[in-house]
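J.: Handing you a structure now.
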Amino acid sequence: MTSNIVAPIEAIKETHRALAVLRALERAPCYRMHELVLLDWLRVIALAATRDELTSTACSLETFGLVRLGQYDDNRVLELTERGQDVALGRATGEGVLRPGPDCPY
């Protein structure tokens, strides 16, 4: 039997994934990055996600004004907003985003 209830570990991973995306964008030239690069980065840091999971994370971050989503042909690009940068650096908090500690690994 399948369920739509998210397992606790998945909810925790989602908050880490959201922070990792914001931190990657904060370090990127022009504060922008292609979604496929982000997918690879998430695999490297053991927060692997499917394309659907990353899309869900990106849409959530966009809803809260932390990123802007751009579509160029078949390519999706995420761009950090000022508010997203504040959350990435721990100067503000964001819904569904883990607050980074002083030694944040992302």
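Identifiers in this document derive from the order of the structure tokens: chains are assigned A, B, ..., residues are numbered from 1 separately in each chain, and ligands are numbered from 1 in order of occurrence.
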Could you name the residues that touch segment 31-47 of chain A at 8 Å or less, counting only C-alpha atoms, but leaving out those on the same chain fewer than 4 positions away, as number ranges by chain?

T.: A: 13, 16-17, 20-21, 24-27, 51, 54, 75-80, 106

J.: Can you list, as a ChimeraX atom specification, every residue of chain A that DSSP puts in alpha helix (DSSP H)?

T.: /A:8-27,35-44,51-63,82-88

J.: Find the residues near Ser56 of chain A: any atom within 12 Å, counting only C-alpha atoms, skip ones fewer than 3 places away on the same chain, and give them as a PyMOL selection string.

T.: chain A and resi 14-15+17-18+35+49-53+59-63+69+96

J.: Hey, can you spit out that residue selection with C-alpha atoms as a PDB file, in the first residue's frame?

T.:
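The resulting file, selection-v7.pdb, is shown below:
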ATOM      1  CA  GLU A  14      14.213  18.488   2.015  1.00  0.00           C
ATOM      2  CA  THR A  15      15.193  21.285   4.446  1.00  0.00           C
ATOM      3  CA  ARG A  17      18.383  20.250   0.162  1.00  0.00           C
ATOM      4  CA  ALA A  18      16.745  23.691   0.119  1.00  0.00           C
ATOM      5  CA  GLU A  35      19.092  22.692 -12.651  1.00  0.00           C
ATOM      6  CA  ALA A  49      17.255  14.226  -5.609  1.00  0.00           C
ATOM      7  CA  THR A  50      15.168  13.282  -8.600  1.00  0.00           C
ATOM      8  CA  ARG A  51      14.402  15.995 -11.128  1.00  0.00           C
ATOM      9  CA  ASP A  52      10.844  16.114  -9.749  1.00  0.00           C
ATOM     10  CA  GLU A  53      12.157  16.587  -6.193  1.00  0.00           C
ATOM     11  CA  CYS A  59       9.031  25.936  -6.764  1.00  0.00           C
ATOM     12  CA  SER A  60       8.848  26.110  -2.977  1.00  0.00           C
ATOM     13  CA  LEU A  61      11.860  28.434  -2.853  1.00  0.00           C
ATOM     14  CA  GLU A  62      10.273  30.591  -5.556  1.00  0.00           C
ATOM     15  CA  THR A  63       6.975  30.747  -3.650  1.00  0.00           C
ATOM     16  CA  LEU A  69      12.974  30.396 -11.972  1.00  0.00           C
ATOM     17  CA  GLY A  96      11.228  24.973   4.702  1.00  0.00           C
TER      18      GLY A  96
END

J.: With only C-alpha atoms as the basis for distance, which of A:Asp103, A:Asp86, A:Asp73, A:Glu95 is at the shortest distance from Leu22 of chain A?

T.: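 Distance minimum relative to Leu22 of chain A lands on A:Asp86.
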
J.: Neighbouring residues of Pro102 of chain A were defined as those with any atom within 12 Å, considering only C-alpha atoms; residues of the same chain fewer than 4 positions away were excluded. Please report them as a PyMOL selection string.

T.: chain A and resi 88-91+106
